[in-house]
$ cat query.pdb   # PDB, C-alpha atoms
ATOM      1  CA  MET I   1      -6.021  -3.089  16.513
ATOM      2  CA  ALA I   2      -5.898  -6.504  18.177
ATOM      3  CA  SER I   3      -2.613  -7.594  19.722
ATOM      4  CA  GLN I   4      -0.428 -10.323  18.242
ATOM      5  CA  ARG I   5      -1.363 -12.684  21.067
ATOM      6  CA  ASP I   6      -5.089 -12.255  20.393
ATOM      7  CA  VAL I   7      -4.651 -12.868  16.671
ATOM      8  CA  LYS I   8      -2.452 -15.912  17.329
ATOM      9  CA  ASN I   9      -5.140 -17.371  19.579
ATOM     10  CA  LYS I  10      -7.722 -16.824  16.830
ATOM     11  CA  ILE I  11      -5.485 -18.532  14.262
ATOM     12  CA  SER I  12      -4.943 -21.482  16.603
ATOM     13  CA  SER I  13      -8.704 -21.838  17.192
ATOM     14  CA  VAL I  14      -9.523 -21.720  13.482
ATOM     15  CA  LYS I  15      -6.815 -24.288  12.710
ATOM     16  CA  ASN I  16      -8.298 -26.664  15.287
ATOM     17  CA  ILE I  17     -11.731 -26.224  13.723
ATOM     18  CA  GLN I  18     -10.247 -26.828  10.280
ATOM     19  CA  LYS I  19      -8.761 -30.127  11.460
ATOM     20  CA  ILE I  20     -12.203 -31.226  12.670
ATOM     21  CA  THR I  21     -13.955 -30.223   9.442
ATOM     22  CA  ARG I  22     -11.343 -31.988   7.316
ATOM     23  CA  ALA I  23     -11.704 -35.143   9.413
ATOM     24  CA  LEU I  24     -15.488 -35.019   9.099
ATOM     25  CA  GLU I  25     -15.172 -34.511   5.348
ATOM     26  CA  THR I  26     -12.931 -37.572   5.042
ATOM     27  CA  VAL I  27     -15.262 -39.742   7.133
ATOM     28  CA  ALA I  28     -18.331 -38.557   5.196
ATOM     29  CA  ALA I  29     -16.624 -39.316   1.874
ATOM     30  CA  ALA I  30     -15.818 -42.879   2.973
ATOM     31  CA  ARG I  31     -19.355 -43.480   4.238
ATOM     32  CA  LEU I  32     -20.808 -41.950   1.091
ATOM     33  CA  ARG I  33     -19.055 -44.528  -1.073
ATOM     34  CA  ARG I  34     -20.535 -47.358   0.990
ATOM     35  CA  ALA I  35     -23.983 -45.764   0.831
ATOM     36  CA  GLU I  36     -23.727 -45.450  -2.956
ATOM     37  CA  GLN I  37     -22.882 -49.142  -3.181
ATOM     38  CA  ARG I  38     -25.974 -49.996  -1.134
ATOM     39  CA  ILE I  39     -28.137 -47.911  -3.461
ATOM     40  CA  GLU I  40     -26.743 -49.680  -6.515
ATOM     41  CA  ALA I  41     -27.338 -53.074  -4.910
ATOM     42  CA  LEU I  42     -30.902 -52.143  -3.900
ATOM     43  CA  ARG I  43     -32.209 -50.682  -7.148
ATOM     44  CA  PRO I  44     -32.527 -53.955  -9.123
ATOM     45  CA  TYR I  45     -34.422 -55.609  -6.252
ATOM     46  CA  ALA I  46     -36.716 -52.607  -5.806
ATOM     47  CA  GLY I  47     -37.405 -52.522  -9.533
ATOM     48  CA  ALA I  48     -38.222 -56.237  -9.576
ATOM     49  CA  ILE I  49     -40.649 -55.910  -6.647
ATOM     50  CA  ARG I  50     -42.476 -53.065  -8.366
ATOM     51  CA  ARG I  51     -42.633 -54.916 -11.665
ATOM     52  CA  MET I  52     -43.987 -58.067 -10.002
ATOM     53  CA  THR I  53     -46.568 -56.033  -8.089
ATOM     54  CA  ARG I  54     -47.770 -54.343 -11.274
ATOM     55  CA  GLN I  55     -48.032 -57.660 -13.104
ATOM     56  CA  ALA I  56     -49.855 -59.380 -10.247
ATOM     57  CA  ALA I  57     -52.251 -56.444  -9.853
ATOM     58  CA  ARG I  58     -53.027 -56.537 -13.571
ATOM     59  CA  ALA I  59     -53.565 -60.287 -13.475
ATOM     60  CA  ALA I  60     -55.841 -60.045 -10.449
ATOM     61  CA  GLY I  61     -58.002 -57.466 -12.214
ATOM     62  CA  ALA I  62     -60.986 -56.162 -10.262
ATOM     63  CA  GLU I  63     -60.255 -58.449  -7.326
ATOM     64  CA  ALA I  64     -57.058 -56.491  -6.619
ATOM     65  CA  SER I  65     -59.090 -53.467  -5.548
ATOM     66  CA  GLN I  66     -60.586 -55.508  -2.690
ATOM     67  CA  LEU I  67     -57.242 -55.693  -0.873
ATOM     68  CA  PRO I  68     -57.175 -53.181   2.024
ATOM     69  CA  LEU I  69     -53.865 -51.598   1.015
ATOM     70  CA  LEU I  70     -55.033 -51.112  -2.573
ATOM     71  CA  THR I  71     -58.393 -49.630  -1.625
ATOM     72  CA  GLU I  72     -58.851 -45.889  -1.349
ATOM     73  CA  HIS I  73     -60.922 -44.716   1.588
ATOM     74  CA  GLU I  74     -64.184 -42.959   0.863
ATOM     75  CA  SER I  75     -62.925 -39.730   2.382
ATOM     76  CA  GLU I  76     -59.446 -38.428   3.199
ATOM     77  CA  ARG I  77     -59.568 -36.671   6.546
ATOM     78  CA  ASN I  78     -56.289 -37.895   8.096
ATOM     79  CA  VAL I  79     -53.085 -37.990   6.070
ATOM     80  CA  GLY I  80     -49.883 -39.505   7.429
ATOM     81  CA  LEU I  81     -46.647 -37.655   6.675
ATOM     82  CA  LEU I  82     -43.403 -39.603   7.051
ATOM     83  CA  LEU I  83     -40.373 -37.290   7.094
ATOM     84  CA  VAL I  84     -36.970 -38.909   6.553
ATOM     85  CA  THR I  85     -34.098 -36.912   8.072
ATOM     86  CA  GLY I  86     -30.690 -37.599   9.601
ATOM     87  CA  ASP I  87     -29.711 -38.284  13.183
ATOM     88  CA  ARG I  88     -27.062 -35.569  13.097
ATOM     89  CA  GLY I  89     -26.456 -32.104  11.685
ATOM     90  CA  LEU I  90     -23.430 -30.400  10.098
ATOM     91  CA  ALA I  91     -24.882 -31.099   6.646
ATOM     92  CA  GLY I  92     -26.012 -27.704   5.446
ATOM     93  CA  GLY I  93     -29.726 -27.478   4.735
ATOM     94  CA  PHE I  94     -30.189 -31.246   4.335
ATOM     95  CA  ASN I  95     -32.515 -31.700   7.308
ATOM     96  CA  SER I  96     -34.154 -28.267   7.341
ATOM     97  CA  GLN I  97     -35.406 -28.541   3.767
ATOM     98  CA  ILE I  98     -37.271 -31.748   4.638
ATOM     99  CA  ILE I  99     -38.859 -30.080   7.677
ATOM    100  CA  ARG I 100     -39.905 -27.079   5.592
ATOM    101  CA  ALA I 101     -41.372 -29.325   2.905
ATOM    102  CA  GLY I 102     -43.319 -31.259   5.543
ATOM    103  CA  VAL I 103     -44.694 -28.097   7.142
ATOM    104  CA  ARG I 104     -45.747 -26.739   3.722
ATOM    105  CA  THR I 105     -47.456 -30.024   2.874
ATOM    106  CA  ALA I 106     -49.296 -30.067   6.212
ATOM    107  CA  ALA I 107     -50.455 -26.499   5.557
ATOM    108  CA  GLU I 108     -51.781 -27.547   2.141
ATOM    109  CA  PHE I 109     -53.697 -30.385   3.778
ATOM    110  CA  GLY I 110     -55.086 -27.962   6.330
ATOM    111  CA  ASP I 111     -56.382 -25.695   3.564
ATOM    112  CA  GLU I 112     -58.157 -28.730   2.087
ATOM    113  CA  GLY I 113     -59.755 -29.600   5.419
ATOM    114  CA  LYS I 114     -57.424 -32.528   6.119
ATOM    115  CA  GLU I 115     -55.396 -33.202   9.233
ATOM    116  CA  ALA I 116     -51.752 -34.305   9.110
ATOM    117  CA  ALA I 117     -50.455 -37.115  11.324
ATOM    118  CA  TRP I 118     -46.694 -36.797  11.786
ATOM    119  CA  TYR I 119     -44.179 -39.624  11.536
ATOM    120  CA  ALA I 120     -40.460 -38.874  11.558
ATOM    121  CA  SER I 121     -37.319 -40.894  10.981
ATOM    122  CA  GLY I 122     -34.084 -39.420  12.320
ATOM    123  CA  ARG I 123     -33.363 -37.448  15.481
ATOM    124  CA  ARG I 124     -33.303 -34.126  13.630
ATOM    125  CA  GLY I 125     -36.779 -34.648  12.261
ATOM    126  CA  VAL I 126     -38.167 -35.895  15.571
ATOM    127  CA  SER I 127     -36.737 -32.968  17.554
ATOM    128  CA  SER I 128     -37.753 -30.347  14.978
ATOM    129  CA  ILE I 129     -41.333 -31.568  14.688
ATOM    130  CA  SER I 130     -41.673 -31.765  18.484
ATOM    131  CA  PHE I 131     -40.128 -28.298  18.881
ATOM    132  CA  ARG I 132     -42.718 -26.844  16.493
ATOM    133  CA  GLY I 133     -45.463 -28.170  18.747
ATOM    134  CA  TYR I 134     -46.726 -31.015  16.566
ATOM    135  CA  GLU I 135     -47.612 -34.380  18.068
ATOM    136  CA  LEU I 136     -45.714 -37.334  16.644
ATOM    137  CA  SER I 137     -47.659 -40.489  15.861
ATOM    138  CA  GLY I 138     -44.393 -42.359  15.242
ATOM    139  CA  SER I 139     -40.705 -41.585  15.788
ATOM    140  CA  TYR I 140     -37.791 -43.726  14.609
ATOM    141  CA  THR I 141     -34.194 -42.887  15.496
ATOM    142  CA  GLY I 142     -30.749 -44.406  15.860
ATOM    143  CA  PHE I 143     -30.258 -45.921  12.402
ATOM    144  CA  ALA I 144     -30.076 -42.978   9.982
ATOM    145  CA  ASP I 145     -26.348 -43.514   9.290
ATOM    146  CA  ARG I 146     -26.833 -47.160   8.321
ATOM    147  CA  PRO I 147     -30.492 -48.178   7.961
ATOM    148  CA  ALA I 148     -31.358 -51.866   7.859
ATOM    149  CA  TYR I 149     -34.295 -53.484   6.137
ATOM    150  CA  ALA I 150     -35.720 -54.324   9.555
ATOM    151  CA  ASP I 151     -35.943 -50.589  10.307
ATOM    152  CA  ALA I 152     -37.998 -50.027   7.160
ATOM    153  CA  ARG I 153     -40.204 -52.975   8.117
ATOM    154  CA  THR I 154     -40.871 -51.449  11.557
ATOM    155  CA  ILE I 155     -41.960 -48.159   9.998
ATOM    156  CA  ALA I 156     -44.040 -49.923   7.344
ATOM    157  CA  ASP I 157     -45.818 -52.070   9.954
ATOM    158  CA  ASP I 158     -46.900 -48.987  11.904
ATOM    159  CA  LEU I 159     -48.124 -47.154   8.802
ATOM    160  CA  ILE I 160     -49.947 -50.205   7.428
ATOM    161  CA  THR I 161     -51.626 -50.840  10.778
ATOM    162  CA  ASP I 162     -52.798 -47.239  11.077
ATOM    163  CA  TYR I 163     -54.075 -47.266   7.496
ATOM    164  CA  VAL I 164     -55.935 -50.580   7.782
ATOM    165  CA  ASP I 165     -57.437 -49.586  11.146
ATOM    166  CA  GLY I 166     -58.762 -46.370   9.633
ATOM    167  CA  ARG I 167     -56.594 -43.929  11.612
ATOM    168  CA  LEU I 168     -55.033 -42.812   8.327
ATOM    169  CA  ASP I 169     -56.702 -42.315   4.959
ATOM    170  CA  ARG I 170     -53.500 -41.696   3.020
ATOM    171  CA  VAL I 171     -49.777 -41.869   3.666
ATOM    172  CA  GLU I 172     -47.033 -39.829   2.007
ATOM    173  CA  ILE I 173     -43.278 -39.848   2.462
ATOM    174  CA  ILE I 174     -40.909 -36.894   2.087
ATOM    175  CA  TYR I 175     -37.178 -37.538   1.776
ATOM    176  CA  ASN I 176     -34.002 -36.381   0.047
ATOM    177  CA  ALA I 177     -33.486 -38.417  -3.104
ATOM    178  CA  TYR I 178     -29.800 -38.931  -3.858
ATOM    179  CA  ILE I 179     -28.717 -37.455  -7.190
ATOM    180  CA  SER I 180     -25.018 -36.774  -6.589
ATOM    181  CA  PRO I 181     -22.770 -35.755  -3.692
ATOM    182  CA  LEU I 182     -23.591 -32.136  -4.533
ATOM    183  CA  THR I 183     -27.304 -32.581  -5.251
ATOM    184  CA  GLN I 184     -30.128 -34.008  -3.153
ATOM    185  CA  ARG I 185     -33.682 -33.498  -4.383
ATOM    186  CA  VAL I 186     -36.586 -33.196  -1.947
ATOM    187  CA  THR I 187     -39.014 -35.901  -3.070
ATOM    188  CA  ARG I 188     -42.611 -36.452  -2.054
ATOM    189  CA  GLU I 189     -44.194 -39.806  -2.811
ATOM    190  CA  ARG I 190     -47.498 -41.483  -2.028
ATOM    191  CA  LEU I 191     -47.128 -44.717  -0.070
ATOM    192  CA  LEU I 192     -50.714 -45.673   0.743
ATOM    193  CA  PRO I 193     -52.967 -46.606  -0.877
ATOM    194  CA  ILE I 194     -50.584 -47.897  -3.526
ATOM    195  CA  SER I 195     -53.169 -48.716  -6.173
ATOM    196  CA  ALA I 196     -52.481 -45.476  -8.015
ATOM    197  CA  ALA I 197     -48.705 -45.825  -7.773
ATOM    198  CA  THR I 198     -48.786 -49.467  -8.837
ATOM    199  CA  ILE I 199     -51.391 -49.664 -11.562
ATOM    200  CA  ALA I 200     -50.556 -46.259 -12.978
ATOM    201  CA  GLY I 201     -47.400 -47.833 -14.369
ATOM    202  CA  GLU I 202     -49.445 -50.381 -16.301
ATOM    203  CA  GLU I 203     -49.734 -48.280 -19.405
ATOM    204  CA  GLU I 204     -46.021 -47.568 -19.474
ATOM    205  CA  GLU I 205     -45.171 -51.205 -19.011
ATOM    206  CA  GLN I 206     -47.587 -52.335 -21.705
ATOM    207  CA  ASP I 207     -45.992 -49.898 -24.135
ATOM    208  CA  SER I 208     -42.528 -51.256 -23.344
ATOM    209  CA  GLU I 209     -43.795 -54.816 -23.742
ATOM    210  CA  GLN I 210     -45.222 -54.003 -27.153
ATOM    211  CA  GLN I 211     -41.921 -52.513 -28.186
ATOM    212  CA  ASP I 212     -39.975 -55.496 -26.944
ATOM    213  CA  GLY I 213     -42.283 -57.967 -28.697
ATOM    214  CA  PRO I 214     -44.586 -60.725 -27.405
ATOM    215  CA  ARG I 215     -43.823 -62.388 -24.095
ATOM    216  CA  ALA I 216     -44.816 -65.646 -22.479
ATOM    217  CA  LEU I 217     -48.064 -65.847 -20.536
ATOM    218  CA  VAL I 218     -47.461 -65.866 -16.784
ATOM    219  CA  GLU I 219     -49.378 -68.363 -14.643
ATOM    220  CA  TYR I 220     -49.557 -67.683 -10.913
ATOM    221  CA  GLU I 221     -49.455 -70.365  -8.251
ATOM    222  CA  PRO I 222     -50.963 -69.482  -5.837
ATOM    223  CA  GLY I 223     -53.348 -67.089  -7.566
ATOM    224  CA  PRO I 224     -52.450 -63.449  -8.235
ATOM    225  CA  GLU I 225     -54.720 -62.304  -5.374
ATOM    226  CA  ASP I 226     -52.820 -64.388  -2.818
ATOM    227  CA  LEU I 227     -49.541 -63.255  -4.319
ATOM    228  CA  LEU I 228     -50.582 -59.635  -4.061
ATOM    229  CA  LYS I 229     -51.327 -60.028  -0.356
ATOM    230  CA  ARG I 230     -47.666 -60.883   0.160
ATOM    231  CA  LEU I 231     -46.208 -58.507  -2.410
ATOM    232  CA  VAL I 232     -47.999 -55.325  -1.341
ATOM    233  CA  PRO I 233     -46.417 -55.134   2.165
ATOM    234  CA  ASP I 234     -43.045 -55.905   0.591
ATOM    235  CA  TYR I 235     -43.652 -53.129  -1.917
ATOM    236  CA  ILE I 236     -44.261 -50.620   0.884
ATOM    237  CA  GLU I 237     -41.266 -51.858   2.884
ATOM    238  CA  ILE I 238     -38.893 -51.621  -0.074
ATOM    239  CA  SER I 239     -40.187 -48.133  -0.920
ATOM    240  CA  ILE I 240     -39.449 -46.953   2.627
ATOM    241  CA  TYR I 241     -36.091 -48.735   2.691
ATOM    242  CA  ARG I 242     -35.091 -47.130  -0.609
ATOM    243  CA  ALA I 243     -35.974 -43.702   0.820
ATOM    244  CA  LEU I 244     -33.910 -44.416   3.954
ATOM    245  CA  VAL I 245     -30.880 -45.569   1.948
ATOM    246  CA  GLU I 246     -31.042 -42.655  -0.493
ATOM    247  CA  SER I 247     -31.467 -40.233   2.399
ATOM    248  CA  THR I 248     -28.362 -41.699   4.057
ATOM    249  CA  ALA I 249     -26.299 -41.233   0.901
ATOM    250  CA  GLY I 250     -27.683 -37.729   0.498
ATOM    251  CA  PHE I 251     -26.802 -36.871   4.095
ATOM    252  CA  PHE I 252     -23.165 -37.937   3.718
ATOM    253  CA  GLY I 253     -22.933 -36.118   0.384
ATOM    254  CA  ALA I 254     -24.332 -32.949   1.955
ATOM    255  CA  GLN I 255     -22.065 -33.300   4.991
ATOM    256  CA  MET I 256     -18.996 -33.848   2.837
ATOM    257  CA  THR I 257     -19.833 -30.758   0.785
ATOM    258  CA  ALA I 258     -20.573 -28.653   3.874
ATOM    259  CA  MET I 259     -17.373 -29.691   5.643
ATOM    260  CA  ARG I 260     -15.294 -29.035   2.527
ATOM    261  CA  SER I 261     -16.772 -25.555   2.308
ATOM    262  CA  ALA I 262     -16.132 -25.038   6.017
ATOM    263  CA  SER I 263     -12.484 -26.108   5.614
ATOM    264  CA  GLU I 264     -12.014 -23.691   2.720
ATOM    265  CA  ASN I 265     -13.598 -20.875   4.725
ATOM    266  CA  ALA I 266     -11.310 -21.709   7.647
ATOM    267  CA  GLY I 267      -8.319 -21.475   5.319
ATOM    268  CA  THR I 268      -9.486 -18.045   4.172
ATOM    269  CA  LEU I 269      -9.867 -16.915   7.777
ATOM    270  CA  ILE I 270      -6.387 -18.182   8.647
ATOM    271  CA  THR I 271      -4.937 -16.185   5.737
ATOM    272  CA  ASP I 272      -6.783 -13.057   6.817
ATOM    273  CA  TYR I 273      -5.729 -13.458  10.452
ATOM    274  CA  THR I 274      -2.119 -14.077   9.411
ATOM    275  CA  LEU I 275      -2.099 -10.819   7.444
ATOM    276  CA  GLN I 276      -3.649  -9.066  10.431
ATOM    277  CA  MET I 277      -0.990 -10.524  12.734
ATOM    278  CA  ASN I 278       1.798  -9.425  10.375
ATOM    279  CA  ARG I 279       0.369  -5.914  10.311
ATOM    280  CA  ALA I 280       0.197  -5.886  14.112
ATOM    281  CA  ARG I 281       3.806  -7.080  14.329
ATOM    282  CA  GLN I 282       4.914  -4.450  11.812
ATOM    283  CA  ALA I 283       3.074  -1.775  13.767
ATOM    284  CA  GLU I 284       4.773  -2.845  17.015
ATOM    285  CA  ILE I 285       8.216  -2.844  15.356
ATOM    286  CA  THR I 286       7.582   0.592  13.859
ATOM    287  CA  GLN I 287       6.462   1.899  17.254
ATOM    288  CA  GLU I 288       9.603   0.528  18.933
ATOM    289  CA  ILE I 289      11.854   2.113  16.296
ATOM    290  CA  MET I 290      10.120   5.454  16.721
ATOM    291  CA  GLU I 291      10.580   5.245  20.498
ATOM    292  CA  VAL I 292      14.289   4.448  20.106
ATOM    293  CA  VAL I 293      14.798   7.338  17.678
ATOM    294  CA  ALA I 294      12.874   9.705  19.921
ATOM    295  CA  GLY I 295      14.958   8.625  22.910
ATOM    296  CA  ALA I 296      18.221   9.109  20.996
ATOM    297  CA  GLU I 297      17.193  12.568  19.894
ATOM    298  CA  GLY I 298      16.275  13.457  23.473
ATOM    299  CA  LEU I 299      19.719  12.437  24.731
ATOM    300  CA  SER I 300      21.469  14.428  22.043
TER     301      SER I 300
END
$ encode --input "query.pdb" --output "structure tokens"
Amino acid sequence: MASQRDVKNKISSVKNIQKITRALETVAAARLRRAEQRIEALRPYAGAIRRMTRQAARAAGAEASQLPLLTEHESERNVGLLLVTGDRGLAGGFNSQIIRAGVRTAAEFGDEGKEAAWYASGRRGVSSISFRGYELSGSYTGFADRPAYADARTIADDLITDYVDGRLDRVEIIYNAYISPLTQRVTRERLLPISAATIAGEEEEQDSEQQDGPRALVEYEPGPEDLLKRLVPDYIEISIYRALVESTAGFFGAQMTAMRSASENAGTLITDYTLQMNRARQAEITQEIMEVVAGAEGLS
């Protein structure tokens, strides 16, 4: 049985760890609230951009398909995969599930005769992909805790350039969509070309318009084609920015949950070690009493 000193040292170590986990839980909870506010502020703008893009694409008609970012390549040999992870760990399986999803997706592409080009946001994603021996076509770090729109624009510029130049035939993004502090859903979305994602919503929107009644005819100045040229890059940027913001909220939710669980486990360990220490103390007292009694009997 371990001595009282050894058990006391273990209790002291666990208590120090518990203080750290509780502090991290508190910080993550505060940052989560701010991240949730950013999501709520972003959603109306993102919805408006998508709605405007759908309407402009419908108004442009066949001419919309001539835009490079709305045109599907004849063949899909190279597919870009953008993985959105965190810069730090201590968040359970938050980062690892994105890496696993990316590796599975790349394997699916390989079975179809396609090659995956890796792009990663967040230090955890960059280090994990590099460790697995894959070459990164783009790495973006240092802003996972508080992404700015400029960060999304940087990523979007690289992806758009590679797609227009023909280095990529399709681009997909994999990230943790924020559902609640306890739930983050791994989400895979198609970024480029966006024709399918944009015009596929046309039927839905037309149905909602019919239900809501007739609406005024929209006239575009400049024309819908010129408007689309400006809206499409914004559409891609806002899609990436939304993924970054939701991933940030998901990370803090996962970290808060993980640190709370760690604190509870530390409390359980402290209880167990305290019982063990009490048993060790009782055993030492019993041993001392037996030695005293044996000594008294020897003298008598």
$ closest_residue --input "query.pdb" --among "I:Met256, I:Val245, I:Val14, I:Val7" --to "Pro147 of chain I" --atoms "only C-alpha atoms"
I:Val245
$ closest_residue --input "query.pdb" --among "I:Tyr235, I:Phe109, I:Phe252, I:Tyr119" --to "Tyr178 of chain I" --atoms "all atoms listed in the file"
I:Phe252
$ atom_distance --input "query.pdb" --atom1 "atom CA of Glu112 of chain I" --atom2 "atom CA of Val171 of chain I"
15.7 Å
$ axis_aligned_box --input "query.pdb" --around "segment 64-82 of chain I" --padding-each-side "5 Å" --output "JSON"
{"center_x": -53.8, "center_y": -46.6, "center_z": 0.7, "size_x": 30.8, "size_y": 29.8, "size_z": 24.7}
$ atom_distance --input "query.pdb" --atom1 "atom CA of Trp118 of chain I" --atom2 "atom CA of Arg88 of chain I"
19.7 Å
$ residues_around --input "query.pdb" --residues "Arg153 of chain I" --least-positions-apart "6" --cutoff "12 Å" --atoms "only C-alpha atoms" --output "NGL selection string"
:I and (140 or 147 or 159-161 or 233-242 or 244)
$ residues_around --input "query.pdb" --residues "Gly142 of chain I" --least-positions-apart "2" --cutoff "7 Å" --atoms "all atoms listed in the file" --output "PyMOL selection string"
chain I and resi 87+122+144
$ decode --input "query.pdb" --residues "segment 216-266 of chain I" --atoms "C-alpha atoms" --output "mmCIF file, in the first residue's frame"
data_model
loop_
_atom_site.group_PDB
_atom_site.id
_atom_site.type_symbol
_atom_site.label_atom_id
_atom_site.label_comp_id
_atom_site.auth_asym_id
_atom_site.auth_seq_id
_atom_site.Cartn_x
_atom_site.Cartn_y
_atom_site.Cartn_z
ATOM 1 C CA ALA I 216 -42.430 42.835 -57.477
ATOM 2 C CA LEU I 217 -40.261 42.335 -60.545
ATOM 3 C CA VAL I 218 -36.596 43.022 -59.805
ATOM 4 C CA GLU I 219 -34.599 45.112 -62.282
ATOM 5 C CA TYR I 220 -30.814 44.906 -62.079
ATOM 6 C CA GLU I 221 -28.488 47.828 -62.664
ATOM 7 C CA PRO I 222 -25.873 46.869 -63.727
ATOM 8 C CA GLY I 223 -27.120 43.679 -65.362
ATOM 9 C CA PRO I 224 -27.448 40.404 -63.447
ATOM 10 C CA GLU I 225 -24.299 39.035 -65.138
ATOM 11 C CA ASP I 226 -22.159 41.899 -63.834
ATOM 12 C CA LEU I 227 -23.789 41.583 -60.439
ATOM 13 C CA LEU I 228 -23.041 37.884 -60.335
ATOM 14 C CA LYS I 229 -19.355 38.528 -60.994
ATOM 15 C CA ARG I 230 -19.242 40.473 -57.737
ATOM 16 C CA LEU I 231 -21.640 38.307 -55.753
ATOM 17 C CA VAL I 232 -20.077 34.911 -56.459
ATOM 18 C CA PRO I 233 -16.714 35.653 -54.735
ATOM 19 C CA ASP I 234 -18.638 37.159 -51.824
ATOM 20 C CA TYR I 235 -20.760 34.021 -51.685
ATOM 21 C CA ILE I 236 -17.654 31.835 -51.387
ATOM 22 C CA GLU I 237 -16.059 34.144 -48.812
ATOM 23 C CA ILE I 238 -19.159 34.222 -46.614
ATOM 24 C CA SER I 239 -19.498 30.429 -46.842
ATOM 25 C CA ILE I 240 -15.914 29.993 -45.623
ATOM 26 C CA TYR I 241 -16.327 32.668 -42.954
ATOM 27 C CA ARG I 242 -19.498 31.004 -41.670
ATOM 28 C CA ALA I 243 -17.625 27.687 -41.421
ATOM 29 C CA LEU I 244 -14.773 29.377 -39.524
ATOM 30 C CA VAL I 245 -17.138 31.089 -37.073
ATOM 31 C CA GLU I 246 -19.215 27.959 -36.467
ATOM 32 C CA SER I 247 -16.044 25.921 -36.014
ATOM 33 C CA THR I 248 -14.823 28.433 -33.419
ATOM 34 C CA ALA I 249 -18.066 28.177 -31.457
ATOM 35 C CA GLY I 250 -17.959 24.401 -31.745
ATOM 36 C CA PHE I 251 -14.372 24.318 -30.485
ATOM 37 C CA PHE I 252 -15.165 26.338 -27.355
ATOM 38 C CA GLY I 253 -18.282 24.243 -26.740
ATOM 39 C CA ALA I 254 -16.256 21.040 -27.054
ATOM 40 C CA GLN I 255 -13.475 22.433 -24.860
ATOM 41 C CA MET I 256 -15.923 23.563 -22.198
ATOM 42 C CA THR I 257 -17.539 20.121 -22.163
ATOM 43 C CA ALA I 258 -14.184 18.318 -22.098
ATOM 44 C CA MET I 259 -12.812 20.467 -19.278
ATOM 45 C CA ARG I 260 -15.995 20.040 -17.242
ATOM 46 C CA SER I 261 -15.700 16.283 -17.619
ATOM 47 C CA ALA I 262 -12.022 16.469 -16.686
ATOM 48 C CA SER I 263 -12.842 18.492 -13.547
ATOM 49 C CA GLU I 264 -15.476 15.958 -12.508
ATOM 50 C CA ASN I 265 -13.043 13.092 -13.083
ATOM 51 C CA ALA I 266 -10.432 14.934 -11.019
#
